[in-house]
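*Asks:* Next up, work_24.tsv (TSV, C-alpha atoms).
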```
chain	number	residue	atom	x	y	z
A	161	MET	CA	-17.32	23.70	-3.98
A	162	PRO	CA	-15.91	20.36	-2.81
A	163	LEU	CA	-13.19	20.39	-0.17
A	164	SER	CA	-9.64	19.66	-1.25
A	165	ASP	CA	-7.94	16.50	0.03
A	166	ASN	CA	-5.82	18.53	2.44
A	167	GLU	CA	-8.89	20.32	3.80
A	168	ILE	CA	-10.60	16.98	4.39
A	169	ILE	CA	-7.51	15.68	6.17
A	170	ARG	CA	-7.47	18.78	8.36
A	171	THR	CA	-11.13	18.12	9.23
A	172	ILE	CA	-10.34	14.50	10.14
A	173	ARG	CA	-7.45	15.61	12.33
A	174	GLN	CA	-9.80	17.96	14.13
A	175	GLY	CA	-11.87	14.93	15.09
A	176	ALA	CA	-14.43	14.57	12.28
A	177	GLU	CA	-13.54	10.94	11.57
A	178	GLU	CA	-16.52	10.48	9.25
A	179	ALA	CA	-14.92	12.89	6.76
A	180	PHE	CA	-12.62	10.04	5.81
A	181	ALA	CA	-15.57	8.54	3.90
A	182	GLU	CA	-15.24	11.45	1.47
A	183	LEU	CA	-11.63	10.49	0.72
A	184	VAL	CA	-12.63	6.85	0.30
A	185	ASP	CA	-15.39	7.78	-2.14
A	186	ARG	CA	-13.01	10.02	-4.03
A	187	TYR	CA	-10.29	7.42	-4.62
A	188	LYS	CA	-11.91	4.00	-4.28
A	189	ASP	CA	-12.47	3.34	-7.99
A	190	LYS	CA	-9.08	4.60	-9.10
A	191	ALA	CA	-7.47	2.59	-6.33
A	192	MET	CA	-9.45	-0.48	-7.32
A	193	THR	CA	-8.27	-0.08	-10.90
A	194	LEU	CA	-4.62	-0.04	-9.87
A	195	ALA	CA	-5.13	-3.02	-7.55
A	196	VAL	CA	-6.94	-5.04	-10.22
A	197	ARG	CA	-4.18	-4.28	-12.73
A	198	MET	CA	-1.55	-5.44	-10.24
A	199	LEU	CA	-3.25	-8.39	-8.57
A	200	LYS	CA	-5.31	-9.58	-11.56
A	201	SER	CA	-8.12	-10.58	-9.21
A	202	ARG	CA	-11.12	-8.46	-8.23
A	203	GLU	CA	-11.56	-10.14	-4.87
A	204	ASP	CA	-7.93	-9.70	-3.87
A	205	ALA	CA	-7.92	-6.18	-5.25
A	206	GLU	CA	-10.90	-5.07	-3.17
A	207	GLU	CA	-9.32	-6.50	-0.03
A	208	ALA	CA	-6.05	-4.73	-0.83
A	209	VAL	CA	-7.82	-1.41	-1.41
A	210	GLN	CA	-9.74	-1.74	1.87
A	211	ASP	CA	-6.55	-2.63	3.71
A	212	SER	CA	-4.80	0.38	2.16
A	213	PHE	CA	-7.54	2.78	3.21
A	214	VAL	CA	-7.37	1.46	6.79
A	215	ARG	CA	-3.59	1.84	6.80
A	216	ALA	CA	-3.83	5.33	5.30
A	217	HIS	CA	-6.35	6.32	7.97
A	218	ASN	CA	-4.11	5.06	10.76
A	219	ALA	CA	-1.06	6.76	9.29
A	220	LEU	CA	-2.83	10.03	8.51
A	221	ASN	CA	-0.84	11.81	11.22
A	222	LYS	CA	2.34	10.93	9.34
A	223	PHE	CA	1.06	12.55	6.15
A	224	LYS	CA	3.06	15.77	5.98
A	225	GLY	CA	1.35	17.22	2.94
A	226	THR	CA	4.62	17.67	1.04
A	227	SER	CA	3.21	15.52	-1.76
A	228	LYS	CA	-0.39	15.07	-2.89
A	229	PHE	CA	-2.57	12.83	-0.74
A	230	SER	CA	-3.33	10.72	-3.83
A	231	THR	CA	0.38	10.03	-4.47
A	232	TRP	CA	0.92	9.18	-0.80
A	233	PHE	CA	-2.12	6.90	-0.78
A	234	TYR	CA	-1.19	5.16	-4.04
A	235	ARG	CA	2.23	4.48	-2.56
A	236	ILE	CA	0.56	2.66	0.36
A	237	LEU	CA	-1.69	0.75	-2.04
A	238	TYR	CA	1.20	-0.12	-4.35
A	239	ASN	CA	3.14	-1.57	-1.39
A	240	VAL	CA	0.13	-3.50	-0.12
A	241	CYS	CA	-0.33	-5.01	-3.58
A	242	LEU	CA	3.38	-5.87	-3.85
A	243	THR	CA	3.23	-7.59	-0.45
A	244	ARG	CA	0.20	-9.59	-1.55
A	245	LEU	CA	1.93	-10.52	-4.78
A	246	GLY	CA	4.94	-11.64	-2.79
A	247	LYS	CA	2.75	-13.73	-0.52
A	248	ARG	CA	1.14	-15.41	-3.48
A	249	LYS	CA	4.59	-16.03	-4.88
A	250	GLU	CA	3.22	-14.39	-7.97
A	251	GLU	CA	6.61	-12.82	-8.49
A	252	LEU	CA	8.02	-16.23	-9.32
A	253	LYS	CA	5.35	-16.72	-11.92
A	254	ILE	CA	5.72	-13.36	-13.56
A	255	GLY	CA	9.27	-12.61	-12.50
A	256	SER	CA	10.62	-13.77	-15.79
A	257	GLY	CA	8.57	-11.16	-17.59
A	258	GLU	CA	10.45	-11.52	-20.81
A	259	GLU	CA	9.57	-15.20	-21.19
A	260	ARG	CA	5.99	-14.38	-20.46
A	261	GLU	CA	6.00	-11.66	-23.06
A	262	PHE	CA	7.37	-14.03	-25.66
A	263	GLU	CA	4.75	-16.47	-24.64
A	264	ILE	CA	2.15	-13.80	-25.26
A	265	GLU	CA	3.58	-12.98	-28.65
A	266	ASP	CA	3.85	-16.64	-29.59
A	267	ARG	CA	0.26	-17.12	-28.68
A	268	GLN	CA	-0.62	-14.39	-31.14
A	269	ASN	CA	1.20	-16.31	-33.85
A	270	VAL	CA	-0.47	-19.56	-32.96
A	271	ASP	CA	-3.97	-18.21	-32.67
A	272	PRO	CA	-4.15	-14.64	-33.94
A	273	TYR	CA	-7.94	-14.60	-34.03
A	274	THR	CA	-8.59	-15.23	-30.36
A	275	ALA	CA	-8.67	-11.51	-29.66
A	276	LEU	CA	-10.85	-10.95	-32.72
A	277	ALA	CA	-13.71	-12.79	-31.04
A	278	SER	CA	-14.47	-9.47	-29.39
A	279	LYS	CA	-14.98	-6.50	-31.68
A	280	ASP	CA	-14.82	-4.23	-28.72
A	281	LEU	CA	-11.50	-2.46	-28.82
A	282	ILE	CA	-11.62	-1.46	-25.15
A	283	HIS	CA	-12.40	-5.00	-24.16
A	284	ALA	CA	-9.47	-6.20	-26.25
A	285	ILE	CA	-7.09	-3.71	-24.64
A	286	LYS	CA	-8.34	-4.58	-21.14
A	287	LYS	CA	-7.78	-8.25	-21.88
A	288	ILE	CA	-4.19	-7.59	-22.91
A	289	ILE	CA	-3.55	-5.43	-19.83
A	290	GLU	CA	-4.83	-8.26	-17.64
A	291	GLU	CA	-2.25	-10.57	-19.14
A	292	ILE	CA	0.86	-8.45	-19.14
A	293	PRO	CA	3.28	-8.65	-16.21
A	294	GLU	CA	2.33	-6.66	-13.12
A	295	ARG	CA	5.34	-4.35	-13.34
A	296	TYR	CA	4.10	-3.07	-16.73
A	297	SER	CA	0.38	-3.04	-16.00
A	298	SER	CA	0.91	-1.14	-12.74
A	299	ILE	CA	2.86	1.64	-14.46
A	300	LEU	CA	0.29	1.72	-17.25
A	301	SER	CA	-2.47	2.06	-14.68
A	302	LEU	CA	-0.69	4.78	-12.71
A	303	PHE	CA	-0.16	6.75	-15.92
A	304	TYR	CA	-3.55	6.38	-17.60
A	305	PHE	CA	-6.04	5.70	-14.79
A	306	GLN	CA	-4.52	7.43	-11.78
A	307	GLU	CA	-3.31	10.11	-14.21
A	308	LEU	CA	0.00	10.53	-12.42
A	309	SER	CA	2.98	12.27	-13.97
A	310	TYR	CA	6.26	10.43	-14.51
A	311	GLU	CA	7.68	12.05	-11.37
A	312	GLU	CA	4.68	10.98	-9.30
A	313	ILE	CA	4.95	7.42	-10.62
A	314	CYS	CA	8.60	7.41	-9.53
A	315	GLU	CA	7.48	8.57	-6.09
A	316	VAL	CA	4.83	5.87	-5.80
A	317	THR	CA	6.92	2.98	-7.10
A	318	ARG	CA	10.35	4.23	-5.93
A	319	LEU	CA	11.65	3.28	-9.36
A	320	PRO	CA	14.09	5.50	-11.25
A	321	LEU	CA	12.69	7.65	-14.05
A	322	GLY	CA	14.48	5.59	-16.71
A	323	THR	CA	12.86	2.38	-15.47
A	324	VAL	CA	9.42	3.97	-15.38
A	325	LYS	CA	9.86	5.21	-18.95
A	326	ALA	CA	11.11	1.80	-20.07
A	327	HIS	CA	8.24	-0.06	-18.37
A	328	LEU	CA	5.66	2.24	-19.91
A	329	PHE	CA	7.32	1.83	-23.28
A	330	ARG	CA	7.29	-1.96	-22.96
A	331	ALA	CA	3.64	-1.95	-21.86
A	332	ARG	CA	2.61	0.13	-24.85
A	333	ALA	CA	4.72	-1.97	-27.18
A	334	ILE	CA	3.08	-5.17	-25.95
A	335	LEU	CA	-0.34	-3.58	-26.40
A	336	GLN	CA	0.51	-2.49	-29.93
A	337	LYS	CA	1.81	-5.94	-30.80
A	338	ARG	CA	-0.99	-7.87	-29.27
A	339	LEU	CA	-3.89	-5.85	-30.53
A	340	PRO	CA	-5.73	-8.03	-33.00
A	341	ARG	CA	-4.80	-7.66	-36.63
A	342	GLU	CA	-8.18	-6.27	-37.50
A	343	ILE	CA	-7.63	-3.38	-35.12
A	344	GLN	CA	-4.08	-2.94	-36.30
A	345	SER	CA	-5.33	-2.67	-39.85
A	346	GLU	CA	-7.88	-0.15	-38.70
A	347	TYR	CA	-4.98	1.86	-37.30
A	348	ARG	CA	-3.14	1.58	-40.58
A	349	SER	CA	-6.12	2.73	-42.60
A	350	SER	CA	-6.81	5.60	-40.22
A	351	ALA	CA	-3.16	6.60	-40.41
A	352	ARG	CA	-3.34	6.52	-44.21
A	353	ASN	CA	-6.50	8.67	-44.36
B	192	MET	CA	17.13	12.97	-40.00
B	193	ASN	CA	16.76	9.22	-39.32
B	194	HIS	CA	13.39	7.69	-38.55
B	195	LEU	CA	12.28	8.24	-34.98
B	196	THR	CA	12.40	5.22	-32.72
B	197	ASN	CA	9.26	4.15	-30.89
B	198	PHE	CA	10.89	5.26	-27.65
B	199	GLN	CA	11.48	8.73	-29.09
B	200	LEU	CA	7.87	8.86	-30.27
B	201	GLN	CA	6.75	8.03	-26.74
B	202	GLU	CA	8.94	10.75	-25.25
B	203	TYR	CA	7.57	13.21	-27.78
B	204	ALA	CA	3.94	12.24	-27.11
B	205	ASP	CA	4.47	12.40	-23.35
B	206	ARG	CA	6.05	15.86	-23.68
B	207	LEU	CA	9.28	14.79	-22.06
B	208	LEU	CA	11.55	16.45	-24.63
B	209	ASP	CA	13.22	19.84	-24.63
B	210	ALA	CA	11.40	22.40	-26.74
B	211	ALA	CA	14.17	22.48	-29.35
B	212	ILE	CA	14.23	18.70	-29.83
B	213	ALA	CA	10.44	18.55	-29.84
B	214	LYS	CA	10.40	21.11	-32.67
B	215	GLU	CA	12.87	19.00	-34.64
B	216	PHE	CA	10.71	15.92	-34.18
B	217	GLU	CA	7.61	17.86	-35.19
B	218	ALA	CA	9.26	18.93	-38.42
B	219	HIS	CA	10.34	15.35	-39.11
B	220	LEU	CA	6.85	14.00	-38.43
B	221	ARG	CA	5.40	16.48	-40.94
B	222	GLU	CA	7.71	15.15	-43.64
B	223	CYS	CA	8.10	11.45	-42.86
B	224	GLU	CA	5.05	9.36	-43.72
B	225	GLN	CA	6.33	6.27	-41.93
B	226	CYS	CA	7.00	8.05	-38.66
B	227	SER	CA	3.75	10.02	-38.78
B	228	ARG	CA	1.86	6.76	-39.40
B	229	ARG	CA	3.46	5.18	-36.36
B	230	MET	CA	2.74	8.32	-34.37
B	231	ALA	CA	-0.92	8.20	-35.39
B	232	SER	CA	-1.12	4.57	-34.35
B	233	PHE	CA	0.48	5.43	-31.04
B	234	GLN	CA	-1.91	8.33	-30.45
B	235	ARG	CA	-4.90	6.16	-31.32
B	236	LEU	CA	-3.83	3.68	-28.69
B	237	GLU	CA	-3.48	6.55	-26.20
B	238	ILE	CA	-7.04	7.69	-26.90
B	239	GLU	CA	-8.41	4.17	-26.48
B	240	LEU	CA	-6.48	3.61	-23.27
B	241	ARG	CA	-7.96	6.75	-21.75
B	242	LYS	CA	-11.44	5.53	-22.68
B	243	ILE	CA	-11.17	2.43	-20.52
B	244	PRO	CA	-13.52	2.83	-17.56
B	245	LEU	CA	-12.31	2.53	-13.97
B	246	GLU	CA	-12.91	-0.69	-12.05
B	247	PRO	CA	-15.76	-0.06	-9.61
B	248	VAL	CA	-15.71	-1.39	-6.05
B	249	SER	CA	-18.77	-3.03	-4.50
B	250	GLU	CA	-21.61	-0.77	-3.36
B	251	ASP	CA	-21.08	-1.05	0.38
B	252	PHE	CA	-17.33	-0.57	0.10
B	253	THR	CA	-17.09	2.77	1.95
B	254	ILE	CA	-19.19	1.47	4.84
B	255	ARG	CA	-16.99	-1.60	5.08
B	256	VAL	CA	-13.84	0.53	5.16
B	257	LEU	CA	-15.24	2.68	7.98
B	258	GLU	CA	-16.25	-0.45	9.91
B	259	ALA	CA	-12.79	-1.92	9.41
B	260	ILE	CA	-11.23	1.29	10.75
B	261	ARG	CA	-13.48	1.19	13.82
B	262	PHE	CA	-12.69	-2.48	14.40
B	263	LYS	CA	-8.98	-1.86	14.01
B	264	ASN	CA	-9.04	1.01	16.51
B	265	ASN	CA	-10.78	-1.19	19.11
B	266	PHE	CA	-8.44	-4.05	18.35
B	267	ASP	CA	-5.39	-1.77	18.65
B	268	PHE	CA	-6.48	-0.65	22.12
B	269	THR	CA	-6.94	-4.25	23.31
B	270	ARG	CA	-3.62	-5.21	21.76
B	271	ASP	CA	-1.92	-2.24	23.45
B	272	VAL	CA	-3.18	-3.44	26.80
B	273	LEU	CA	-2.43	-7.10	26.23
B	274	LYS	CA	1.02	-6.64	24.77
B	275	ASN	CA	2.04	-4.69	27.87
B	276	LEU	CA	0.52	-7.02	30.43
B	277	VAL	CA	3.32	-9.57	30.29
B	278	PRO	CA	6.30	-7.21	30.64
B	279	ILE	CA	4.55	-5.17	33.33
B	280	GLY	CA	3.69	-8.36	35.20
B	281	VAL	CA	7.31	-9.51	34.95
B	282	VAL	CA	8.59	-6.14	36.18
B	283	LEU	CA	6.15	-6.19	39.14
B	284	ILE	CA	7.16	-9.73	40.13
B	285	VAL	CA	10.87	-8.85	39.92
B	286	ILE	CA	10.26	-5.78	42.08
B	287	ALA	CA	8.24	-7.89	44.54
B	288	VAL	CA	10.96	-10.54	44.78
B	289	LEU	CA	13.69	-7.93	45.24
B	290	LEU	CA	11.60	-6.24	47.92
B	291	GLY	CA	11.08	-9.58	49.65
B	292	ILE	CA	14.81	-10.34	49.58
B	293	PHE	CA	16.12	-6.97	50.64
B	294	ALA	CA	13.27	-5.43	52.62
B	295	GLY	CA	11.32	-8.49	53.87
B	296	PRO	CA	11.31	-9.72	57.50
B	297	ASP	CA	13.72	-12.65	56.79
B	298	SER	CA	16.14	-10.61	54.74
B	299	HIS	CA	18.86	-10.60	57.41
B	300	GLN	CA	18.86	-14.34	58.11
B	301	GLY	CA	21.92	-16.33	56.96
B	302	PRO	CA	21.85	-19.36	54.66
B	303	ALA	CA	20.00	-22.45	55.89
B	304	GLY	CA	22.12	-25.34	57.15
B	305	GLY	CA	21.64	-29.11	56.48
B	306	ASN	CA	22.08	-31.38	53.48
B	307	GLY	CA	21.62	-30.49	49.78
B	308	SER	CA	17.91	-31.30	49.44
B	309	GLU	CA	17.13	-29.48	52.68
B	310	ILE	CA	19.02	-26.45	51.41
B	311	VAL	CA	17.10	-26.49	48.12
B	312	GLU	CA	13.82	-26.92	49.96
B	313	SER	CA	14.67	-24.12	52.33
B	314	LEU	CA	15.74	-21.88	49.43
B	315	ASN	CA	12.44	-22.61	47.69
B	316	GLN	CA	10.53	-21.74	50.83
B	317	LYS	CA	12.60	-18.61	51.21
B	318	ALA	CA	11.90	-17.60	47.62
B	319	GLU	CA	8.19	-18.17	48.11
B	320	LYS	CA	8.25	-16.21	51.33
B	321	ALA	CA	10.28	-13.44	49.72
B	322	THR	CA	7.85	-13.17	46.82
B	323	ALA	CA	4.83	-13.20	49.13
B	324	SER	CA	6.31	-10.64	51.47
B	325	GLY	CA	7.50	-8.55	48.50
B	326	ILE	CA	4.02	-8.54	47.01
B	327	SER	CA	2.48	-7.57	50.34
B	328	THR	CA	5.11	-4.80	50.76
B	329	LEU	CA	4.32	-3.58	47.24
B	330	LEU	CA	0.59	-3.65	47.95
B	331	GLY	CA	1.28	-1.87	51.24
B	332	TRP	CA	3.12	0.89	49.42
B	333	MET	CA	0.32	1.15	46.89
B	334	ASN	CA	-2.21	1.38	49.73
B	335	LYS	CA	-0.13	4.10	51.34
B	336	ALA	CA	0.12	5.96	48.04
B	337	LEU	CA	-3.63	5.62	47.54
B	338	GLY	CA	-4.33	6.17	51.22
B	339	PHE	CA	-7.09	8.65	50.53
B	340	SER	CA	-9.17	5.97	48.88
B	341	ALA	CA	-8.38	3.13	51.23
B	342	THR	CA	-11.62	3.63	53.07
B	343	ILE	CA	-13.70	3.37	49.92
B	344	PRO	CA	-12.77	0.08	48.18
B	345	VAL	CA	-14.39	0.97	44.84
B	346	LEU	CA	-12.34	4.13	44.59
B	347	GLN	CA	-9.25	2.18	45.55
B	348	TYR	CA	-9.83	-0.31	42.78
B	349	ALA	CA	-10.60	2.47	40.30
B	350	ALA	CA	-7.43	4.35	41.26
B	351	GLY	CA	-5.42	1.11	41.01
B	352	LEU	CA	-6.86	0.44	37.57
B	353	ALA	CA	-6.15	4.00	36.44
B	354	LEU	CA	-2.56	3.68	37.68
B	355	PHE	CA	-2.26	0.39	35.86
B	356	PHE	CA	-3.38	1.91	32.55
B	357	VAL	CA	-1.12	4.92	33.03
B	358	ALA	CA	1.75	2.49	33.58
B	359	ILE	CA	0.78	0.63	30.40
B	360	LYS	CA	0.59	3.83	28.41
B	361	LEU	CA	3.96	5.05	29.73
B	362	PHE	CA	5.55	1.69	29.05
B	363	ASP	CA	4.10	1.67	25.55
B	364	GLU	CA	5.17	5.22	24.77
B	365	PHE	CA	8.69	5.17	26.19
B	366	VAL	CA	9.80	1.52	26.11
B	367	PHE	CA	7.82	-0.68	23.75
B	368	VAL	CA	7.33	1.67	20.78
B	369	PRO	CA	10.95	2.97	20.72
B	370	MET	CA	12.14	-0.64	21.03
B	371	THR	CA	10.05	-1.86	18.08
B	372	ARG	CA	11.02	1.21	16.05
B	373	LYS	CA	14.69	0.46	16.67
B	374	ARG	CA	14.19	-3.15	15.66
B	375	SER	CA	12.35	-2.25	12.46
```
Here is the file; what I need is its structure written in the form of structure tokens.

*Replies:*
Amino acid sequence: MPLSDNEIIRTIRQGAEEAFAELVDRYKDKAMTLAVRMLKSREDAEEAVQDSFVRAHNALNKFKGTSKFSTWFYRILYNVCLTRLGKRKEELKIGSGEEREFEIEDRQNVDPYTALASKDLIHAIKKIIEEIPERYSSILSLFYFQELSYEEICEVTRLPLGTVKAHLFRARAILQKRLPREIQSEYRSSARN
Amino acid sequence: MNHLTNFQLQEYADRLLDAAIAKEFEAHLRECEQCSRRMASFQRLEIELRKIPLEPVSEDFTIRVLEAIRFKNNFDFTRDVLKNLVPIGVVLIVIAVLLGIFAGPDSHQGPAGGNGSEIVESLNQKAEKATASGISTLLGWMNKALGFSATIPVLQYAAGLALFFVAIKLFDEFVFVPMTRKRS
């Protein structure tokens, strides 16, 4: 039976540094997913995840175990990504999220068939997630890929519950709106049947 | 009952509602075709979202993380030493100068006479002398403290080095870290 996160941390604290590799292997892909959703760049995301693991390792003594290791680690990663976004001045670009959203919707009106080039629904959804503002895609990622509860998302992002709910709602709404018409019609027909 | 808003549908799907309200919504969804259609669309999206695979990292990622941790630990040690060298050096020089002024051989002499430039020159010489004699007094004290090793130079150096690192560690623990914590 695999060791729990807390058991691994105990082992590391007892001096078995190499046990940290187990934690890295356990969370690297989920962490990468969150970082990619936030930073919109694989290269940057991998650097951010590596940086976060190093920080987590160095701060392991501060981990009290009152929350799950994953939540604590995602909080570190979330902050690292926010710092990187700040450095890139990405916030300025996506800060006015509403305008960007309208831009997205307008684009659908101008060229509604762009998304239809790919019949792959997952690919289409991923493409939309890549384009939505970071504050929505990060919450979406924490909910669906890191499988955190609303309370845990609040803990990671330090956002109030209402804001988390609203961001998730907006993210889903954008997805629904932007999904190509063909897929939308598929939804309609499946709902009718 | 009015049609459910999309926000209400989300709260229902995410099981955020009280049991009583959830039951009400359930009953409404059974009867209202429009709401149940929207709910189905919403649930379909949920299913698709959960199907999206995770983003994989590169193959050697774990090894790179462990190497980065090792590098950081080594770097931290060097940084710990370096960041303390300057303040410790300053403290030692101040102590040496004070020793030279108050405990050195010329400490009881009065001020030098003569014109301004001579006074400055003499003060400079005095300061140099004071520093030199302070340093030698300090070294003398250290030799006395490490008297046991004075006959074996290697041991003396080793003991001096050990003392130096202990001083760095103490400075780091009780002065530098609390100071930076306060600042942050």

*Asks:* My list of candidates is A:Glu290, A:Gln174, A:Val240, A:Leu300. Which is closest to chain B when distances are computed with all atoms listed in the file?

*Replies:*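 Counting all atoms listed in the file, the residue closest to chain B is A:Leu300.
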
*Asks:* Can you measure atom CA of Ser230 of chain A to atom CA of Ile292 of chain A for me? One decimal in Å is fine.

*Replies:* 24.9 Å

*Asks:* Which residues are near Phe233 of chain B? Cut-off 10 Å, all atoms listed in the file, ignore same chain within fewer than 4 positions. Put them as a list in words.

*Replies:* Arg332, Ala333, Gln336 and Tyr347 of chain A; Asn197, Leu200, Gln201, Ala204, Ser227, Arg228, Arg229, Glu237 and Ile238 of chain B

*Asks:* Please report, as a tab-separated table, each residue of chain A lying at most 7 Å from chain B, together with the nearest pair of atoms and the separation in Å rounded to one decimal; use all atoms listed in the file, and order rows by chain and ascending residue number.

*Replies:*
```
residue	atom	partner	partner_atom	distance
A:Ala181	CA	B:Thr253	CA	6.3
A:Val184	CA	B:Thr253	CA	6.3
A:Asp185	CA	B:Thr253	CA	6.7
A:Lys188	CA	B:Val248	CA	6.8
A:Asp189	CA	B:Pro247	CA	5.0
A:Lys190	CA	B:Leu245	CA	6.2
A:Met192	CA	B:Glu246	CA	5.9
A:Thr193	CA	B:Glu246	CA	4.8
A:Glu206	CA	B:Val248	CA	6.7
A:Gln210	CA	B:Val256	CA	5.7
A:Phe213	CA	B:Val256	CA	7.0
A:Val214	CA	B:Ile260	CA	5.5
A:Ile282	CA	B:Ile243	CA	6.1
A:Tyr304	CA	B:Arg241	CA	6.1
A:Phe329	CA	B:Phe198	CA	6.6
A:Tyr347	CA	B:Ser232	CA	5.6
A:Ala351	CA	B:Arg228	CA	5.1
```

*Asks:* Which is closest to Lys286 of chain A among A:Ala205, A:Ala326, A:Val196, A:Ile168, if we use only C-alpha atoms?

*Replies:*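 Using only C-alpha atoms, Lys286 of chain A sits closest to A:Val196.
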
*Asks:* So, counting all atoms listed in the file, which residue among A:Glu307, A:Glu291, A:Glu182, A:Glu167 is closest to Ser201 of chain A?

*Replies:*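 Between A:Glu307, A:Glu291, A:Glu182, A:Glu167, the residue approaching Ser201 of chain A most closely is A:Glu291.
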
*Asks:* Just give me the gap between atom CA of Ile285 of chain A and atom CA of Ser301 of chain A in Å, one decimal is fine.

*Replies:* 12.4 Å

*Asks:* Using only C-alpha atoms, which of B:Phe367, B:Tyr203, B:Phe362, B:Phe356 sits nearest Leu220 of chain B?

*Replies:*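 Among the listed residues, the smallest separation from Leu220 of chain B belongs to B:Tyr203.
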